[in-house]
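As structure tokens, the structure follows; a few thoughts come after it.
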Protein chains: 2
Amino acid sequence: MKVIEVGRAGTDANDRDADLLRRELKEKDLFLINLMSAAGSGKTTLLSRTITDLRGKASIGVMEADLASDVDAAAIEALGAASIQVHTGGCCHMDAVMTREALEAFDAGEARILFLENVGNLLCPAEYDTGAHLKVMILSLPEGDDKPLKYPLMFRESDALVITKMDAAPYFDFDLEAAKRRAKALNPKIEIFPVSAKTGEGMEAWENWLLTAWERWREDA
Amino acid sequence: MKVIEVGRAGTDANDRDADLLRRELKEKDLFLINLMSAAGSGKTTLLSRTITDLRGKASIGVMEADLASDVDAAAIEALGAASIQVHTGGCCHMDAVMTREALEAFDAGEARILFLENVGNLLCPAEYDTGAHLKVMILSLPEGDDKPLKYPLMFRESDALVITKMDAAPYFDFDLEAAKRRAKALNPKIEIFPVSAKTGEGMEAWENWLLTAWERWREDA
């Protein structure tokens with residue numbers, strides 16, 4: 001049985017676009033974070049709380065990529081933060097060309113940290129470099145501690161893993177240590193932040209890490 | 001709230017690649033069919049029966065695109081048909097570049113009709129022209145008659161809709177006329193074939209349509 005791996009040529013071209021975009025954003029002092037997760041993991045809730053908590057320390061803008069609807073972008077805008085809704089024409093991921101288009105249409109105002117809320121799925125977004133400087137993934141507690149086993153690439157590719165909805169721990173059979181161990185086995189460098197955007201638990205550690213990553217990036221020539 | 005649509009630039013480049021591939025395949029007398037559906041809809045079972053039924057009339061080869069595993073390609077090979085397993089590196093669709101790579105690695109032998117079994121989902125595969133001459137989608141009865149409402153693009157893009165697992169009709173609340181009406185509302189030209197690859201019901205109509213489409217394509221200059 002012959003088995004071949006395809007798709008590298010397409011992603012090679014995307015990788016070049018992404019590297020170029022990353023350099024252009026650096027020149028504009030715009031720090032871009034690719035935020036990935038499954039649908040319904042609490043991306044918008046995490047961002048809303050982060051934006052509010054970091055007011056005065058960092059100005060954050062959000063690009064909400066979605067197949068349709070604009071409820072997430074409206075929620076961010078209601079906080080007074082710059083946001084734009086990006087429709088992906090039915091596709092399940094953002095690539096560098098799409099991210100560039102979104103950035104060109106986005107009036108980020110004062111924002112210097114831009115989150116790209118990628119389309120909600122744990123597969124394709126992990127495959128495509130968007131030109132972001134940092135990749136953060138969310139795993140929500142109800143999704144289960146076995147997700148690193150099923151979607152290894154997403155865990156391998158991410159700089160940080162935010163485990164959301166920790167306040168729901170009493171209702172679910174989620175083994176936090178097992179989730180951490182499985183994520184670290186795939187990616188020893190991954191930073192892990194269990195949080196509850198509802199109660200505030202763990203938010204400070206995540207926010208401090210984010211600010212530090214941003215400062216380091218700014219200092220980088 | 002600003003809302004933008006992205007992704008056209010990427011798919012424009014893909015469309016050019018796809019047109020070129022389509023012409024090259026025509027010169028080689030290879031008729032390529034992009035077969036799309038959700039996971040578990042019975043693509044491999046439909047193809048297995050079609051290959052067997054058309055023995056002597058048409059030689060069929062199959063490229064099985066999947067995230068991983070090679071069970072589908074092995075099932076086709078067991079019938080004595082040319083097959084190759086294509087892994088998409090985690091991505092949820094095939095594009096023209098990936099299809100070209102697969103074709104270059106594929107020893108199709110005598111086969112003149114090649115099916116590309118696309119990755120199992122109803123979203124992304126509809127967005128990407130693979131260079132195929134014909135697009136066929138499968139809807140399996142247990143998925144429900146409302147699918148045209150939820151995944152309109154796939155129905156709009158397809159030349160034919162094969163409704164599989166019709167033998168399971170007694171166990172499901174599937175309104176065949178509603179499914180047909182919804183599909184035709186999106187795409188008045190779509191040909192619809194309710195079949196059961198298990199009992200053979202409806203297979204001849206589907207197979208005759210396939211042979212006719214192939215003959216027409218061969219006669220086309």
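So you can find residues: chains in the structure tokens are A, B, ... in the order shown, residues in each start at 1, and ligands are numbered from 1 in order.
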**Message:** Residues near range 130-138 of chain B, anyone? I mean within 8 Å using only C-alpha atoms, not counting same-chain ones fewer than 2 positions away, as a count of residues only.
**Reply:** 34
**Message:** Select, as a VMD selection string, those residues of chain A with any atom no more than 10 Å from chain B (distances computed using only C-alpha atoms).
**Reply:** chain A and resid 1 to 10 14 63 to 71 73 to 74 77 82 to 102 105 to 107 122 to 128 151 to 154
Could you write out the selected residues, including C-alpha atoms, as an mmCIF file, in the first residue's frame?
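File selection.cif, as written:
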```cif
data_model
loop_
_atom_site.group_PDB
_atom_site.id
_atom_site.type_symbol
_atom_site.label_atom_id
_atom_site.label_comp_id
_atom_site.auth_asym_id
_atom_site.auth_seq_id
_atom_site.Cartn_x
_atom_site.Cartn_y
_atom_site.Cartn_z
ATOM 1 C CA MET A 1 0.000 0.000 0.000
ATOM 2 C CA LYS A 2 1.564 3.254 -1.110
ATOM 3 C CA VAL A 3 1.114 6.145 1.277
ATOM 4 C CA ILE A 4 2.267 9.669 0.500
ATOM 5 C CA GLU A 5 2.299 12.917 2.448
ATOM 6 C CA VAL A 6 1.112 15.963 0.532
ATOM 7 C CA GLY A 7 0.548 19.626 1.191
ATOM 8 C CA ARG A 8 4.095 20.718 1.964
ATOM 9 C CA ALA A 9 4.422 22.759 -1.253
ATOM 10 C CA GLY A 10 1.314 24.761 -0.438
ATOM 11 C CA ASN A 14 2.440 30.103 3.035
ATOM 12 C CA MET A 63 -9.464 40.047 14.906
ATOM 13 C CA GLU A 64 -12.260 37.482 15.139
ATOM 14 C CA ALA A 65 -12.063 34.893 12.384
ATOM 15 C CA ASP A 66 -15.208 32.892 11.843
ATOM 16 C CA LEU A 67 -17.192 31.160 9.154
ATOM 17 C CA ALA A 68 -20.043 33.595 9.713
ATOM 18 C CA SER A 69 -21.734 35.826 12.327
ATOM 19 C CA ASP A 70 -20.198 38.723 14.239
ATOM 20 C CA VAL A 71 -21.249 38.066 17.817
ATOM 21 C CA ALA A 73 -16.375 40.854 17.533
ATOM 22 C CA ALA A 74 -19.372 42.732 18.925
ATOM 23 C CA GLU A 77 -16.132 46.063 20.754
ATOM 24 C CA ALA A 82 -10.556 47.634 18.616
ATOM 25 C CA SER A 83 -12.030 44.630 16.860
ATOM 26 C CA ILE A 84 -12.859 43.368 13.422
ATOM 27 C CA GLN A 85 -14.886 40.386 12.277
ATOM 28 C CA VAL A 86 -13.209 38.294 9.598
ATOM 29 C CA HIS A 87 -15.251 35.809 7.562
ATOM 30 C CA THR A 88 -13.236 32.999 6.051
ATOM 31 C CA GLY A 89 -15.535 32.046 3.197
ATOM 32 C CA GLY A 90 -16.333 28.640 4.648
ATOM 33 C CA CYS A 91 -12.753 27.709 5.417
ATOM 34 C CA CYS A 92 -11.661 26.311 8.719
ATOM 35 C CA HIS A 93 -8.360 28.093 9.229
ATOM 36 C CA MET A 94 -6.525 31.371 8.648
ATOM 37 C CA ASP A 95 -3.348 31.431 6.576
ATOM 38 C CA ALA A 96 -0.846 34.257 6.091
ATOM 39 C CA VAL A 97 -2.583 35.723 3.033
ATOM 40 C CA MET A 98 -5.912 35.841 4.835
ATOM 41 C CA THR A 99 -4.307 37.350 7.937
ATOM 42 C CA ARG A 100 -2.666 40.054 5.833
ATOM 43 C CA GLU A 101 -6.041 40.901 4.268
ATOM 44 C CA ALA A 102 -7.623 41.114 7.705
ATOM 45 C CA ALA A 105 -8.842 46.181 6.745
ATOM 46 C CA PHE A 106 -8.384 46.517 10.511
ATOM 47 C CA ASP A 107 -8.214 49.930 12.169
ATOM 48 C CA LEU A 122 -8.040 21.887 16.642
ATOM 49 C CA LEU A 123 -6.794 20.617 13.278
ATOM 50 C CA CYS A 124 -6.171 22.978 10.373
ATOM 51 C CA PRO A 125 -5.270 26.161 12.261
ATOM 52 C CA ALA A 126 -2.244 24.308 13.653
ATOM 53 C CA GLU A 127 -1.021 23.622 10.103
ATOM 54 C CA TYR A 128 -0.902 27.196 8.852
ATOM 55 C CA TYR A 151 -4.574 16.660 18.323
ATOM 56 C CA PRO A 152 -0.825 16.506 18.919
ATOM 57 C CA LEU A 153 0.182 19.093 16.309
ATOM 58 C CA MET A 154 -1.733 21.933 17.961
#
```
**Message:** Can you pull out every residue from range 5-191 of chain B that DSSP, working from the backbone, puts in strand (DSSP E or B), and format the result as a PyMOL selection string?
**Reply:** chain B and resi 5+31-36+60-66+83-87+113-117+134-140+160-164+191
Selection from above, N, CA and C atoms, as an mmCIF file, in the first residue's frame, can you write it?
```
data_model
loop_
_atom_site.group_PDB
_atom_site.id
_atom_site.type_symbol
_atom_site.label_atom_id
_atom_site.label_comp_id
_atom_site.auth_asym_id
_atom_site.auth_seq_id
_atom_site.Cartn_x
_atom_site.Cartn_y
_atom_site.Cartn_z
ATOM 1 N N GLU B 5 -14.482 39.873 4.320
ATOM 2 C CA GLU B 5 -14.386 38.509 3.777
ATOM 3 C C GLU B 5 -12.952 38.329 3.288
ATOM 4 N N PHE B 31 -9.773 10.973 -16.231
ATOM 5 C CA PHE B 31 -10.991 11.669 -15.791
ATOM 6 C C PHE B 31 -10.998 11.680 -14.267
ATOM 7 N N LEU B 32 -10.893 12.851 -13.697
ATOM 8 C CA LEU B 32 -10.756 12.960 -12.233
ATOM 9 C C LEU B 32 -12.058 13.438 -11.596
ATOM 10 N N ILE B 33 -12.496 12.716 -10.579
ATOM 11 C CA ILE B 33 -13.731 13.046 -9.860
ATOM 12 C C ILE B 33 -13.402 13.338 -8.394
ATOM 13 N N ASN B 34 -13.811 14.505 -7.946
ATOM 14 C CA ASN B 34 -13.622 14.904 -6.555
ATOM 15 C C ASN B 34 -14.848 14.435 -5.757
ATOM 16 N N LEU B 35 -14.639 13.445 -4.907
ATOM 17 C CA LEU B 35 -15.736 12.870 -4.125
ATOM 18 C C LEU B 35 -15.672 13.403 -2.695
ATOM 19 N N MET B 36 -16.718 14.131 -2.322
ATOM 20 C CA MET B 36 -16.707 14.834 -1.036
ATOM 21 C C MET B 36 -17.869 14.389 -0.154
ATOM 22 N N ILE B 60 -11.358 1.858 -12.779
ATOM 23 C CA ILE B 60 -11.403 2.955 -11.806
ATOM 24 C C ILE B 60 -10.234 2.863 -10.836
ATOM 25 N N GLY B 61 -9.590 3.981 -10.582
ATOM 26 C CA GLY B 61 -8.557 4.064 -9.543
ATOM 27 C C GLY B 61 -9.000 5.046 -8.471
ATOM 28 N N VAL B 62 -8.445 4.884 -7.290
ATOM 29 C CA VAL B 62 -8.894 5.719 -6.170
ATOM 30 C C VAL B 62 -7.711 6.300 -5.402
ATOM 31 N N MET B 63 -7.781 7.615 -5.157
ATOM 32 C CA MET B 63 -6.829 8.274 -4.267
ATOM 33 C C MET B 63 -7.589 8.621 -2.989
ATOM 34 N N GLU B 64 -7.146 8.028 -1.895
ATOM 35 C CA GLU B 64 -7.844 8.195 -0.610
ATOM 36 C C GLU B 64 -7.138 9.247 0.226
ATOM 37 N N ALA B 65 -7.726 10.427 0.338
ATOM 38 C CA ALA B 65 -7.108 11.463 1.161
ATOM 39 C C ALA B 65 -7.645 11.386 2.577
ATOM 40 N N ASP B 66 -6.739 11.471 3.523
ATOM 41 C CA ASP B 66 -7.113 11.284 4.924
ATOM 42 C C ASP B 66 -6.088 11.970 5.803
ATOM 43 N N SER B 83 -4.942 1.980 -6.117
ATOM 44 C CA SER B 83 -5.284 2.945 -5.078
ATOM 45 C C SER B 83 -4.025 3.471 -4.416
ATOM 46 N N ILE B 84 -4.146 4.650 -3.867
ATOM 47 C CA ILE B 84 -3.043 5.246 -3.122
ATOM 48 C C ILE B 84 -3.631 5.974 -1.935
ATOM 49 N N GLN B 85 -2.921 5.904 -0.817
ATOM 50 C CA GLN B 85 -3.347 6.625 0.381
ATOM 51 C C GLN B 85 -2.595 7.944 0.446
ATOM 52 N N VAL B 86 -3.326 9.024 0.610
ATOM 53 C CA VAL B 86 -2.736 10.354 0.647
ATOM 54 C C VAL B 86 -2.965 10.945 2.033
ATOM 55 N N HIS B 87 -1.892 11.278 2.735
ATOM 56 C CA HIS B 87 -2.028 11.929 4.039
ATOM 57 C C HIS B 87 -1.871 13.429 3.867
ATOM 58 N N ILE B 113 -10.652 6.359 -14.997
ATOM 59 C CA ILE B 113 -11.492 7.184 -14.113
ATOM 60 C C ILE B 113 -10.843 7.160 -12.734
ATOM 61 N N LEU B 114 -10.473 8.327 -12.248
ATOM 62 C CA LEU B 114 -9.822 8.395 -10.936
ATOM 63 C C LEU B 114 -10.721 9.138 -9.955
ATOM 64 N N PHE B 115 -11.014 8.491 -8.866
ATOM 65 C CA PHE B 115 -11.751 9.170 -7.796
ATOM 66 C C PHE B 115 -10.750 9.709 -6.777
ATOM 67 N N LEU B 116 -10.928 10.953 -6.415
ATOM 68 C CA LEU B 116 -10.215 11.512 -5.274
ATOM 69 C C LEU B 116 -11.207 11.524 -4.111
ATOM 70 N N GLU B 117 -11.010 10.623 -3.168
ATOM 71 C CA GLU B 117 -11.839 10.644 -1.958
ATOM 72 C C GLU B 117 -11.292 11.733 -1.064
ATOM 73 N N LEU B 134 -15.185 16.608 -12.390
ATOM 74 C CA LEU B 134 -16.537 16.401 -11.888
ATOM 75 C C LEU B 134 -16.473 16.429 -10.363
ATOM 76 N N LYS B 135 -17.516 17.010 -9.757
ATOM 77 C CA LYS B 135 -17.589 16.997 -8.292
ATOM 78 C C LYS B 135 -18.830 16.230 -7.880
ATOM 79 N N VAL B 136 -18.632 15.245 -7.028
ATOM 80 C CA VAL B 136 -19.742 14.437 -6.538
ATOM 81 C C VAL B 136 -19.719 14.500 -5.017
ATOM 82 N N MET B 137 -20.875 14.712 -4.419
ATOM 83 C CA MET B 137 -20.935 14.684 -2.961
ATOM 84 C C MET B 137 -21.837 13.557 -2.486
ATOM 85 N N ILE B 138 -21.546 13.093 -1.300
ATOM 86 C CA ILE B 138 -22.376 12.074 -0.678
ATOM 87 C C ILE B 138 -23.029 12.677 0.557
ATOM 88 N N LEU B 139 -24.311 12.390 0.704
ATOM 89 C CA LEU B 139 -25.000 12.652 1.961
ATOM 90 C C LEU B 139 -25.543 11.306 2.409
ATOM 91 N N SER B 140 -25.170 10.856 3.589
ATOM 92 C CA SER B 140 -25.735 9.583 4.042
ATOM 93 C C SER B 140 -27.014 9.864 4.813
ATOM 94 N N ALA B 160 -23.251 16.119 -8.764
ATOM 95 C CA ALA B 160 -24.184 15.057 -8.366
ATOM 96 C C ALA B 160 -24.160 14.870 -6.863
ATOM 97 N N LEU B 161 -25.304 14.474 -6.351
ATOM 98 C CA LEU B 161 -25.467 14.162 -4.934
ATOM 99 C C LEU B 161 -25.907 12.706 -4.836
ATOM 100 N N VAL B 162 -25.088 11.888 -4.182
ATOM 101 C CA VAL B 162 -25.470 10.502 -3.948
ATOM 102 C C VAL B 162 -25.928 10.400 -2.499
ATOM 103 N N ILE B 163 -27.164 9.992 -2.306
ATOM 104 C CA ILE B 163 -27.687 9.821 -0.941
ATOM 105 C C ILE B 163 -27.538 8.349 -0.583
ATOM 106 N N THR B 164 -26.607 8.064 0.312
ATOM 107 C CA THR B 164 -26.259 6.674 0.637
ATOM 108 C C THR B 164 -27.032 6.157 1.852
ATOM 109 N N GLU B 191 -27.679 16.492 -9.959
ATOM 110 C CA GLU B 191 -28.310 15.177 -10.187
ATOM 111 C C GLU B 191 -28.320 14.441 -8.858
#
```
**Prompt:** What does the distance between CA of Asp12 in chain A and CA of Glu24 in chain A come to in Å, to one decimal place?
**Reply:** 18.8 Å
Where does DSSP see helix (DSSP H, G or I) in range 1-139 of chain B, if you list the residues as an mmCIF file with C-alpha atoms, in the first residue's frame?
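Final output, saved to part-v5.cif:
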```cif
data_model
loop_
_atom_site.group_PDB
_atom_site.id
_atom_site.type_symbol
_atom_site.label_atom_id
_atom_site.label_comp_id
_atom_site.auth_asym_id
_atom_site.auth_seq_id
_atom_site.Cartn_x
_atom_site.Cartn_y
_atom_site.Cartn_z
ATOM 1 C CA ARG B 8 -10.139 34.972 -2.111
ATOM 2 C CA ALA B 9 -6.498 35.701 -3.011
ATOM 3 C CA GLY B 10 -5.372 32.274 -1.805
ATOM 4 C CA THR B 11 -8.165 30.498 -3.612
ATOM 5 C CA ASP B 12 -7.599 32.536 -6.810
ATOM 6 C CA ALA B 13 -4.059 31.127 -7.006
ATOM 7 C CA ASN B 14 -5.449 27.659 -6.327
ATOM 8 C CA ASP B 15 -8.078 28.107 -9.050
ATOM 9 C CA ARG B 16 -5.341 28.786 -11.605
ATOM 10 C CA ASP B 17 -3.410 25.690 -10.494
ATOM 11 C CA ALA B 18 -6.608 23.656 -10.701
ATOM 12 C CA ASP B 19 -7.416 24.781 -14.256
ATOM 13 C CA LEU B 20 -3.923 23.864 -15.392
ATOM 14 C CA LEU B 21 -4.107 20.438 -13.746
ATOM 15 C CA ARG B 22 -7.530 19.800 -15.333
ATOM 16 C CA ARG B 23 -6.087 20.447 -18.803
ATOM 17 C CA GLU B 24 -3.034 18.260 -18.167
ATOM 18 C CA LEU B 25 -5.250 15.379 -17.037
ATOM 19 C CA LYS B 26 -7.358 15.759 -20.176
ATOM 20 C CA GLU B 27 -4.242 15.341 -22.304
ATOM 21 C CA LYS B 43 -17.592 6.887 0.442
ATOM 22 C CA THR B 44 -15.398 3.796 0.388
ATOM 23 C CA THR B 45 -18.364 1.417 0.399
ATOM 24 C CA LEU B 46 -19.984 3.294 -2.500
ATOM 25 C CA LEU B 47 -16.726 3.213 -4.465
ATOM 26 C CA SER B 48 -16.103 -0.457 -3.749
ATOM 27 C CA ARG B 49 -19.494 -1.422 -5.161
ATOM 28 C CA THR B 50 -19.156 0.967 -8.116
ATOM 29 C CA ILE B 51 -15.742 -0.487 -9.006
ATOM 30 C CA THR B 52 -17.110 -4.035 -8.892
ATOM 31 C CA ASP B 53 -20.305 -3.232 -10.822
ATOM 32 C CA VAL B 71 -7.705 1.402 5.904
ATOM 33 C CA ASP B 72 -9.721 2.919 3.038
ATOM 34 C CA ALA B 73 -6.989 2.526 0.442
ATOM 35 C CA ALA B 74 -6.386 -1.059 1.589
ATOM 36 C CA ALA B 75 -10.103 -1.851 1.086
ATOM 37 C CA ILE B 76 -9.947 -0.541 -2.488
ATOM 38 C CA GLU B 77 -6.704 -2.386 -3.209
ATOM 39 C CA ALA B 78 -8.296 -5.608 -1.996
ATOM 40 C CA ALA B 96 -4.868 21.581 -6.507
ATOM 41 C CA VAL B 97 -1.220 21.492 -5.412
ATOM 42 C CA MET B 98 -1.868 18.580 -3.074
ATOM 43 C CA THR B 99 -3.864 16.743 -5.754
ATOM 44 C CA ARG B 100 -1.038 17.177 -8.234
ATOM 45 C CA GLU B 101 1.430 15.732 -5.720
ATOM 46 C CA ALA B 102 -0.860 12.763 -5.150
ATOM 47 C CA LEU B 103 -1.270 12.156 -8.900
ATOM 48 C CA GLU B 104 2.478 12.266 -9.451
ATOM 49 C CA ALA B 105 2.990 9.548 -6.839
ATOM 50 C CA CYS B 124 -13.407 23.119 3.405
ATOM 51 C CA PRO B 125 -13.339 20.582 0.569
ATOM 52 C CA ALA B 126 -16.165 22.571 -1.077
ATOM 53 C CA GLU B 127 -13.978 25.680 -1.065
#
```
**Item:** CA of Gly80 in chain A to CA of Glu110 in chain A, distance in Å rounded to a single decimal
**Value:** 11.5 Å
